[in-house]
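**Q** What follows is input.cif, mmCIF, N, CA and C atoms and all ligand atoms.
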data_target
#
loop_
_atom_site.label_atom_id
_atom_site.label_comp_id
_atom_site.auth_asym_id
_atom_site.auth_seq_id
_atom_site.Cartn_x
_atom_site.Cartn_y
_atom_site.Cartn_z
N GLY A 1 116.25 -214.14 -117.30
CA GLY A 1 115.98 -213.39 -116.07
C GLY A 1 117.05 -213.60 -115.01
N ARG A 2 116.93 -212.90 -113.94
CA ARG A 2 117.93 -213.01 -112.87
C ARG A 2 117.74 -214.32 -112.13
N PRO A 3 118.84 -215.04 -111.87
CA PRO A 3 118.74 -216.36 -111.25
C PRO A 3 118.36 -216.28 -109.77
N ASP A 4 118.37 -215.08 -109.17
CA ASP A 4 118.12 -214.99 -107.74
C ASP A 4 116.66 -214.70 -107.41
N THR A 5 115.77 -214.79 -108.38
CA THR A 5 114.37 -214.57 -108.08
C THR A 5 113.67 -215.90 -107.81
N PHE A 6 112.59 -215.81 -107.05
CA PHE A 6 111.74 -216.99 -106.83
C PHE A 6 111.31 -217.54 -108.18
N TYR A 7 110.93 -216.64 -109.07
CA TYR A 7 110.48 -217.01 -110.43
C TYR A 7 111.49 -217.93 -111.12
N GLU A 8 112.75 -217.52 -111.16
CA GLU A 8 113.78 -218.34 -111.81
C GLU A 8 114.03 -219.63 -111.04
N ALA A 9 114.03 -219.50 -109.70
CA ALA A 9 114.37 -220.66 -108.86
C ALA A 9 113.40 -221.83 -109.05
N VAL A 10 112.14 -221.53 -109.38
CA VAL A 10 111.18 -222.62 -109.54
C VAL A 10 111.01 -223.05 -110.99
N GLY A 11 111.81 -222.48 -111.90
CA GLY A 11 111.75 -222.94 -113.29
C GLY A 11 111.23 -221.93 -114.29
N GLY A 12 110.95 -220.69 -113.83
CA GLY A 12 110.58 -219.61 -114.75
C GLY A 12 109.28 -219.84 -115.50
N HIS A 13 109.22 -219.29 -116.70
CA HIS A 13 107.99 -219.25 -117.50
C HIS A 13 107.29 -220.61 -117.60
N GLU A 14 108.06 -221.65 -117.91
CA GLU A 14 107.47 -222.98 -118.08
C GLU A 14 106.65 -223.42 -116.87
N THR A 15 107.21 -223.19 -115.69
CA THR A 15 106.55 -223.60 -114.45
C THR A 15 105.25 -222.82 -114.23
N PHE A 16 105.30 -221.51 -114.48
CA PHE A 16 104.11 -220.70 -114.25
C PHE A 16 103.02 -221.01 -115.28
N VAL A 17 103.44 -221.26 -116.52
CA VAL A 17 102.47 -221.66 -117.55
C VAL A 17 101.76 -222.94 -117.11
N ALA A 18 102.55 -223.91 -116.61
CA ALA A 18 101.97 -225.20 -116.21
C ALA A 18 100.97 -225.03 -115.07
N ILE A 19 101.33 -224.24 -114.07
CA ILE A 19 100.44 -224.05 -112.91
C ILE A 19 99.15 -223.36 -113.32
N VAL A 20 99.27 -222.28 -114.06
CA VAL A 20 98.08 -221.50 -114.43
C VAL A 20 97.20 -222.29 -115.40
N HIS A 21 97.83 -223.03 -116.29
CA HIS A 21 97.05 -223.83 -117.23
C HIS A 21 96.27 -224.94 -116.51
N ARG A 22 96.93 -225.61 -115.59
CA ARG A 22 96.27 -226.68 -114.83
C ARG A 22 95.15 -226.11 -113.98
N PHE A 23 95.38 -224.92 -113.42
CA PHE A 23 94.33 -224.25 -112.64
C PHE A 23 93.10 -224.00 -113.50
N TYR A 24 93.29 -223.42 -114.67
CA TYR A 24 92.13 -223.09 -115.51
C TYR A 24 91.45 -224.30 -116.13
N GLU A 25 92.20 -225.40 -116.31
CA GLU A 25 91.55 -226.64 -116.74
C GLU A 25 90.45 -227.03 -115.75
N GLN A 26 90.74 -226.82 -114.48
CA GLN A 26 89.76 -227.19 -113.45
C GLN A 26 88.64 -226.17 -113.34
N VAL A 27 89.01 -224.88 -113.48
CA VAL A 27 87.97 -223.84 -113.45
C VAL A 27 86.91 -224.12 -114.52
N ALA A 28 87.37 -224.57 -115.69
CA ALA A 28 86.45 -224.82 -116.81
C ALA A 28 85.36 -225.82 -116.42
N ASP A 29 85.65 -226.73 -115.49
CA ASP A 29 84.70 -227.75 -115.08
C ASP A 29 84.11 -227.52 -113.69
N ASP A 30 84.41 -226.36 -113.10
CA ASP A 30 84.01 -226.15 -111.71
C ASP A 30 82.65 -225.45 -111.63
N PRO A 31 81.68 -226.10 -110.96
CA PRO A 31 80.32 -225.55 -110.91
C PRO A 31 80.21 -224.26 -110.10
N VAL A 32 81.14 -224.01 -109.18
CA VAL A 32 81.11 -222.77 -108.41
C VAL A 32 81.82 -221.64 -109.17
N LEU A 33 82.97 -221.95 -109.75
CA LEU A 33 83.81 -220.90 -110.35
C LEU A 33 83.40 -220.55 -111.79
N ARG A 34 83.09 -221.55 -112.59
CA ARG A 34 82.88 -221.28 -114.02
C ARG A 34 81.82 -220.21 -114.29
N PRO A 35 80.68 -220.24 -113.57
CA PRO A 35 79.64 -219.25 -113.84
C PRO A 35 80.05 -217.80 -113.53
N LEU A 36 81.13 -217.63 -112.74
CA LEU A 36 81.55 -216.27 -112.40
C LEU A 36 82.25 -215.58 -113.57
N TYR A 37 82.78 -216.38 -114.49
CA TYR A 37 83.56 -215.81 -115.58
C TYR A 37 82.65 -215.30 -116.68
N PRO A 38 82.73 -214.00 -116.99
CA PRO A 38 81.80 -213.40 -117.94
C PRO A 38 82.04 -213.87 -119.39
N GLU A 39 83.27 -214.27 -119.70
CA GLU A 39 83.58 -214.63 -121.09
C GLU A 39 83.44 -216.13 -121.31
N GLU A 40 83.00 -216.49 -122.50
CA GLU A 40 82.96 -217.89 -122.93
C GLU A 40 84.38 -218.47 -122.96
N ASP A 41 85.30 -217.66 -123.46
CA ASP A 41 86.70 -218.09 -123.64
C ASP A 41 87.50 -217.74 -122.38
N LEU A 42 88.01 -218.79 -121.70
CA LEU A 42 88.80 -218.55 -120.49
C LEU A 42 90.26 -218.18 -120.82
N GLY A 43 90.63 -218.28 -122.09
CA GLY A 43 92.01 -218.01 -122.49
C GLY A 43 92.56 -216.66 -122.02
N PRO A 44 91.84 -215.57 -122.25
CA PRO A 44 92.33 -214.26 -121.82
C PRO A 44 92.48 -214.16 -120.30
N ALA A 45 91.57 -214.77 -119.55
CA ALA A 45 91.68 -214.75 -118.08
C ALA A 45 92.92 -215.54 -117.66
N GLU A 46 93.16 -216.66 -118.32
CA GLU A 46 94.34 -217.48 -118.03
C GLU A 46 95.62 -216.66 -118.27
N GLU A 47 95.64 -215.93 -119.37
CA GLU A 47 96.80 -215.12 -119.71
C GLU A 47 97.03 -214.01 -118.67
N ARG A 48 95.96 -213.40 -118.17
CA ARG A 48 96.10 -212.33 -117.17
C ARG A 48 96.62 -212.87 -115.85
N LEU A 49 96.13 -214.04 -115.42
CA LEU A 49 96.63 -214.62 -114.18
C LEU A 49 98.10 -215.02 -114.33
N LEU A 50 98.45 -215.56 -115.50
CA LEU A 50 99.85 -215.93 -115.76
C LEU A 50 100.76 -214.70 -115.66
N MET A 51 100.39 -213.63 -116.35
CA MET A 51 101.22 -212.42 -116.32
C MET A 51 101.34 -211.86 -114.91
N PHE A 52 100.20 -211.87 -114.19
CA PHE A 52 100.22 -211.33 -112.84
C PHE A 52 101.16 -212.14 -111.93
N LEU A 53 101.03 -213.47 -111.95
CA LEU A 53 101.83 -214.30 -111.05
C LEU A 53 103.32 -214.24 -111.42
N GLU A 54 103.63 -214.21 -112.71
CA GLU A 54 105.03 -214.10 -113.11
C GLU A 54 105.63 -212.81 -112.57
N GLN A 55 104.87 -211.75 -112.67
CA GLN A 55 105.33 -210.45 -112.17
C GLN A 55 105.49 -210.48 -110.65
N TYR A 56 104.48 -211.02 -109.97
CA TYR A 56 104.50 -211.04 -108.50
C TYR A 56 105.74 -211.76 -107.97
N TRP A 57 106.13 -212.86 -108.63
CA TRP A 57 107.23 -213.69 -108.12
C TRP A 57 108.59 -213.31 -108.72
N GLY A 58 108.65 -212.17 -109.37
CA GLY A 58 109.95 -211.65 -109.79
C GLY A 58 110.31 -211.88 -111.24
N GLY A 59 109.35 -212.31 -112.04
CA GLY A 59 109.58 -212.49 -113.48
C GLY A 59 109.27 -211.21 -114.25
N PRO A 60 109.04 -211.34 -115.56
CA PRO A 60 108.75 -210.18 -116.40
C PRO A 60 107.57 -209.35 -115.87
N GLN A 61 107.67 -208.04 -116.01
CA GLN A 61 106.65 -207.13 -115.48
C GLN A 61 105.56 -206.84 -116.53
N THR A 62 105.28 -207.83 -117.37
CA THR A 62 104.33 -207.65 -118.47
C THR A 62 102.93 -207.27 -118.00
N TYR A 63 102.52 -207.83 -116.85
CA TYR A 63 101.16 -207.52 -116.38
C TYR A 63 100.95 -206.03 -116.25
N SER A 64 101.84 -205.37 -115.52
CA SER A 64 101.67 -203.94 -115.29
C SER A 64 101.80 -203.11 -116.57
N HIS A 65 102.66 -203.56 -117.48
CA HIS A 65 102.78 -202.84 -118.75
C HIS A 65 101.46 -202.89 -119.51
N GLN A 66 100.79 -204.04 -119.45
CA GLN A 66 99.55 -204.19 -120.22
C GLN A 66 98.30 -203.76 -119.46
N ARG A 67 98.30 -203.96 -118.14
CA ARG A 67 97.06 -203.78 -117.39
C ARG A 67 97.11 -202.66 -116.35
N GLY A 68 98.32 -202.12 -116.12
CA GLY A 68 98.45 -201.08 -115.09
C GLY A 68 98.55 -201.69 -113.70
N HIS A 69 98.32 -200.86 -112.68
CA HIS A 69 98.40 -201.34 -111.30
C HIS A 69 97.42 -202.50 -111.10
N PRO A 70 97.86 -203.60 -110.46
CA PRO A 70 96.97 -204.77 -110.33
C PRO A 70 95.62 -204.47 -109.67
N ARG A 71 95.61 -203.75 -108.52
CA ARG A 71 94.33 -203.47 -107.82
C ARG A 71 93.39 -204.68 -107.87
N LEU A 72 93.90 -205.82 -107.42
CA LEU A 72 93.15 -207.06 -107.61
C LEU A 72 91.83 -207.08 -106.86
N ARG A 73 91.83 -206.52 -105.65
CA ARG A 73 90.58 -206.55 -104.89
C ARG A 73 89.49 -205.76 -105.63
N MET A 74 89.88 -204.61 -106.16
CA MET A 74 88.93 -203.80 -106.92
C MET A 74 88.47 -204.53 -108.19
N ARG A 75 89.41 -205.17 -108.90
CA ARG A 75 89.05 -205.85 -110.13
C ARG A 75 88.13 -207.05 -109.88
N HIS A 76 88.15 -207.57 -108.65
CA HIS A 76 87.26 -208.69 -108.33
C HIS A 76 85.91 -208.22 -107.78
N GLY A 77 85.78 -206.92 -107.60
CA GLY A 77 84.54 -206.35 -107.06
C GLY A 77 83.27 -206.83 -107.75
N PRO A 78 83.28 -206.94 -109.08
CA PRO A 78 82.06 -207.36 -109.79
C PRO A 78 81.67 -208.82 -109.54
N PHE A 79 82.58 -209.62 -108.98
CA PHE A 79 82.28 -211.05 -108.81
C PHE A 79 82.03 -211.35 -107.35
N PRO A 80 80.86 -211.95 -107.02
CA PRO A 80 80.58 -212.28 -105.62
C PRO A 80 81.51 -213.41 -105.15
N ILE A 81 82.40 -213.09 -104.21
CA ILE A 81 83.37 -214.06 -103.71
C ILE A 81 83.21 -214.19 -102.20
N GLY A 82 82.66 -215.34 -101.77
CA GLY A 82 82.54 -215.67 -100.35
C GLY A 82 83.41 -216.87 -100.06
N PRO A 83 83.19 -217.48 -98.88
CA PRO A 83 84.00 -218.64 -98.48
C PRO A 83 83.92 -219.79 -99.49
N LEU A 84 82.74 -220.00 -100.08
CA LEU A 84 82.57 -221.10 -101.03
C LEU A 84 83.44 -220.91 -102.27
N GLU A 85 83.43 -219.67 -102.78
CA GLU A 85 84.21 -219.34 -103.99
C GLU A 85 85.70 -219.38 -103.67
N ARG A 86 86.06 -218.81 -102.51
CA ARG A 86 87.46 -218.84 -102.09
C ARG A 86 87.98 -220.28 -101.99
N ASP A 87 87.18 -221.13 -101.33
CA ASP A 87 87.61 -222.52 -101.17
C ASP A 87 87.71 -223.26 -102.51
N ALA A 88 86.79 -222.97 -103.41
CA ALA A 88 86.82 -223.62 -104.74
C ALA A 88 88.08 -223.18 -105.50
N TRP A 89 88.38 -221.89 -105.40
CA TRP A 89 89.58 -221.35 -106.07
C TRP A 89 90.83 -222.03 -105.52
N LEU A 90 90.90 -222.13 -104.20
CA LEU A 90 92.09 -222.74 -103.57
C LEU A 90 92.18 -224.23 -103.88
N ARG A 91 91.04 -224.89 -103.97
CA ARG A 91 91.04 -226.33 -104.29
C ARG A 91 91.67 -226.57 -105.67
N CYS A 92 91.27 -225.75 -106.64
CA CYS A 92 91.84 -225.88 -107.99
C CYS A 92 93.32 -225.53 -107.99
N MET A 93 93.67 -224.47 -107.27
CA MET A 93 95.07 -224.03 -107.27
C MET A 93 95.95 -225.03 -106.53
N ARG A 94 95.39 -225.69 -105.52
CA ARG A 94 96.16 -226.67 -104.76
C ARG A 94 96.64 -227.81 -105.66
N VAL A 95 95.74 -228.30 -106.50
CA VAL A 95 96.08 -229.37 -107.44
C VAL A 95 97.18 -228.88 -108.40
N ALA A 96 96.99 -227.67 -108.92
CA ALA A 96 97.94 -227.11 -109.89
C ALA A 96 99.33 -226.94 -109.28
N VAL A 97 99.38 -226.43 -108.06
CA VAL A 97 100.67 -226.21 -107.39
C VAL A 97 101.32 -227.56 -107.05
N ASP A 98 100.53 -228.48 -106.50
CA ASP A 98 101.10 -229.79 -106.12
C ASP A 98 101.69 -230.51 -107.33
N GLU A 99 101.00 -230.42 -108.46
CA GLU A 99 101.47 -231.12 -109.66
C GLU A 99 102.73 -230.51 -110.26
N ALA A 100 103.07 -229.27 -109.83
CA ALA A 100 104.30 -228.62 -110.33
C ALA A 100 105.54 -229.16 -109.61
N HIS A 101 105.34 -229.88 -108.49
CA HIS A 101 106.44 -230.50 -107.76
C HIS A 101 107.58 -229.53 -107.46
N LEU A 102 107.25 -228.42 -106.83
CA LEU A 102 108.28 -227.46 -106.43
C LEU A 102 109.03 -227.99 -105.22
N PRO A 103 110.26 -227.52 -105.02
CA PRO A 103 110.96 -227.84 -103.77
C PRO A 103 110.06 -227.44 -102.59
N GLU A 104 110.07 -228.22 -101.53
CA GLU A 104 109.11 -228.06 -100.44
C GLU A 104 109.02 -226.63 -99.89
N GLU A 105 110.16 -225.99 -99.68
CA GLU A 105 110.13 -224.64 -99.11
C GLU A 105 109.48 -223.65 -100.08
N ARG A 106 109.70 -223.81 -101.38
CA ARG A 106 109.08 -222.95 -102.40
C ARG A 106 107.57 -223.21 -102.46
N ARG A 107 107.21 -224.50 -102.42
CA ARG A 107 105.79 -224.86 -102.45
C ARG A 107 105.05 -224.23 -101.27
N ARG A 108 105.67 -224.33 -100.10
CA ARG A 108 105.06 -223.81 -98.89
C ARG A 108 104.86 -222.29 -99.00
N GLN A 109 105.90 -221.62 -99.53
CA GLN A 109 105.85 -220.16 -99.65
C GLN A 109 104.76 -219.73 -100.65
N MET A 110 104.69 -220.43 -101.77
CA MET A 110 103.68 -220.09 -102.76
C MET A 110 102.28 -220.35 -102.22
N TRP A 111 102.14 -221.45 -101.49
CA TRP A 111 100.82 -221.81 -100.98
C TRP A 111 100.34 -220.82 -99.93
N GLU A 112 101.26 -220.39 -99.07
CA GLU A 112 100.93 -219.39 -98.04
C GLU A 112 100.41 -218.12 -98.71
N TYR A 113 101.08 -217.73 -99.79
CA TYR A 113 100.65 -216.54 -100.54
C TYR A 113 99.24 -216.73 -101.10
N PHE A 114 98.98 -217.88 -101.73
CA PHE A 114 97.67 -218.08 -102.34
C PHE A 114 96.56 -218.08 -101.29
N GLU A 115 96.79 -218.70 -100.14
CA GLU A 115 95.76 -218.69 -99.09
C GLU A 115 95.45 -217.27 -98.64
N MET A 116 96.51 -216.49 -98.45
CA MET A 116 96.34 -215.10 -98.04
C MET A 116 95.62 -214.30 -99.12
N ALA A 117 96.09 -214.44 -100.36
CA ALA A 117 95.54 -213.64 -101.47
C ALA A 117 94.07 -213.99 -101.73
N ALA A 118 93.75 -215.29 -101.71
CA ALA A 118 92.37 -215.70 -102.00
C ALA A 118 91.43 -215.21 -100.90
N THR A 119 91.89 -215.26 -99.66
CA THR A 119 91.06 -214.79 -98.55
C THR A 119 90.84 -213.27 -98.66
N SER A 120 91.87 -212.56 -99.09
CA SER A 120 91.75 -211.10 -99.18
C SER A 120 90.84 -210.67 -100.34
N MET A 121 90.53 -211.60 -101.26
CA MET A 121 89.66 -211.28 -102.39
C MET A 121 88.19 -211.41 -102.02
N MET A 122 87.88 -211.94 -100.84
CA MET A 122 86.48 -212.14 -100.47
C MET A 122 85.79 -210.79 -100.29
N ASN A 123 84.57 -210.72 -100.84
CA ASN A 123 83.79 -209.48 -100.71
C ASN A 123 82.37 -209.74 -100.22
N LYS A 124 82.15 -210.96 -99.73
CA LYS A 124 80.88 -211.26 -99.03
C LYS A 124 81.15 -212.35 -98.00
N ALA A 125 80.29 -212.47 -96.99
CA ALA A 125 80.60 -213.31 -95.84
C ALA A 125 79.97 -214.70 -95.94
N TRP A 126 79.14 -214.96 -96.98
CA TRP A 126 78.44 -216.23 -97.06
C TRP A 126 78.73 -216.93 -98.37
C1 LIG A 201 90.36 -212.05 -112.74
C2 LIG A 201 87.59 -214.90 -110.00
C3 LIG A 201 91.05 -215.09 -106.65
C4 LIG A 201 94.06 -213.02 -109.83
C5 LIG A 201 89.31 -212.79 -112.26
C6 LIG A 201 88.03 -212.90 -112.93
C7 LIG A 201 87.26 -213.70 -112.16
C8 LIG A 201 88.03 -214.09 -111.01
C9 LIG A 201 85.82 -214.12 -112.44
C10 LIG A 201 87.67 -212.24 -114.26
C11 LIG A 201 88.22 -213.04 -115.39
C12 LIG A 201 88.87 -212.22 -116.45
O1 LIG A 201 89.90 -211.56 -116.18
O2 LIG A 201 88.37 -212.28 -117.56
C13 LIG A 201 88.27 -215.16 -108.83
C14 LIG A 201 87.74 -215.89 -107.68
C15 LIG A 201 88.69 -215.93 -106.74
C16 LIG A 201 89.85 -215.23 -107.29
C17 LIG A 201 86.33 -216.49 -107.57
C18 LIG A 201 88.54 -216.58 -105.37
C19 LIG A 201 89.17 -216.16 -104.29
C20 LIG A 201 92.19 -214.59 -107.23
C21 LIG A 201 93.50 -214.60 -106.65
C22 LIG A 201 94.35 -214.03 -107.55
C23 LIG A 201 93.57 -213.65 -108.70
C24 LIG A 201 93.83 -215.18 -105.26
C25 LIG A 201 95.82 -213.80 -107.47
C26 LIG A 201 96.64 -214.45 -106.68
C27 LIG A 201 93.32 -212.54 -110.86
C28 LIG A 201 93.83 -211.72 -111.94
C29 LIG A 201 92.76 -211.41 -112.76
C30 LIG A 201 91.60 -212.08 -112.18
C31 LIG A 201 95.27 -211.28 -112.13
C32 LIG A 201 92.78 -210.52 -114.02
C33 LIG A 201 92.68 -209.07 -113.53
C34 LIG A 201 92.73 -208.10 -114.68
O3 LIG A 201 93.84 -207.69 -115.05
O4 LIG A 201 91.68 -207.73 -115.18
N1 LIG A 201 89.27 -213.52 -111.10
N2 LIG A 201 89.54 -214.79 -108.55
N3 LIG A 201 92.28 -214.00 -108.47
N4 LIG A 201 91.98 -212.73 -111.03
FE1 LIG A 201 90.77 -213.74 -109.81
#
Any chance you could put this one into structure tokens?
**A**
Amino acid sequence: GRPDTFYEAVGGHETFVAIVHRFYEQVADDPVLRPLYPEEDLGPAEERLLMFLEQYWGGPQTYSHQRGHPRLRMRHGPFPIGPLERDAWLRCMRVAVDEAHLPEERRRQMWEYFEMAATSMMNKAW
């Protein structure tokens, strides 16, 4: 890939695989998040988040080729997401991002995005 993307700058595929995998390890054990997932197997959900994040940060555009326009808010419509779910999601992602040991400015930028994105996914107030 192009060396001037955020994706390449933080280590490319390997880094995103590590973050998303660590995130889903925690989802599997999370009493707030796990029940929201309709499938027994979290593998496909992990793969979709990986493809989406790689695409968002300037990596391969595989997500859109396979899934079309992200429309993430719409795709989350079936799942009740309030402050509790948002906070649980961010708690898991925080561990995953911190353990990736990105350069501070990259970590800050990614974290700002996740806080914004997770808040925008909320579809209930409680
Ligand atoms: C899908 C929960 C936030 C990206 C899903 C699914 C659930 C879920 C239950 C369905 C699993 C599946 O695809 O099989 C949540 C909760 C959130 C949250 C509780 C709390 C705020 C986010 C955020 C992002 C994201 C912030 C991106 C930065 C995705 C993607 C999919 C997905 C890409 C797959 C969409 C598709 O192509 O079908 N999420 N999510 N989610 N989520 Fe989230």
**Q** Tell me which protein, DNA and RNA residues are within 8 Å of stretch 95-112 of chain A, counting all atoms listed in the file, leaving out same-chain ones fewer than 4 positions away, and put them as JSON, numbers by chain.
**A** {"A": [6, 9, 10, 15, 18, 19, 20, 21, 22, 23, 24, 90, 91, 116, 117, 118]}
**Q** Which residues sit within 7 Å of ligand LIG 201 (chain A), counting only C-alpha atoms and all ligand atoms, listed as a PyMOL selection string?
**A** chain A and resi 33+36-39+42+44-45+48-49+52-53+67+70+72+75-76+79+81+85-86+89+114+117-119+121-122
**Q** How many Å lie between atom CA of A:Glu8 and atom N of A:Leu50, rounded to one decimal?
**A** 16.0 Å
**Q** Between atom CA of A:Glu46 and atom CA of A:Pro83, what is the distance, to one decimal in Å?
**A**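 Spanning atom CA of A:Glu46 to atom CA of A:Pro83 is a straight-line distance of 22.1 Å.
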**Q** Just the number, please: distance in Å from atom C of A:Glu54 to atom CA of A:Tyr7, one decimal.
**A**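 Atom C of A:Glu54 sits 6.8 Å away from atom CA of A:Tyr7.
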**Q** How would you write as a list in words the residues that get within 8 Å of (111.6, -211.5, -111.6) in the file's frame, counting only C-alpha atoms?
**A**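 Collected hits near the coordinates: Gly1, Arg2, Thr5, Phe6, Tyr7, Glu8, Glu54, Gln55, Tyr56, Trp57, Gly58, Gly59, Pro60 and Gln61 of chain A.
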**Q** Choose the residue, out of A:Val27, A:Pro80, A:Met93, A:Ala88, that has the smallest atom-to-atom separation from A:Lys124; count all atoms listed in the file.
**A**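 Among A:Val27, A:Pro80, A:Met93, A:Ala88, it is A:Pro80 that comes nearest to A:Lys124.
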**Q** Would you return as a VMD selection string the members of stretch 2-83 of chain A that DSSP assigns to alpha helix (DSSP H) on this structure's backbone?
**A** chain A and resid 6 to 9 12 to 27 43 to 56 62 to 67 72 to 75 83
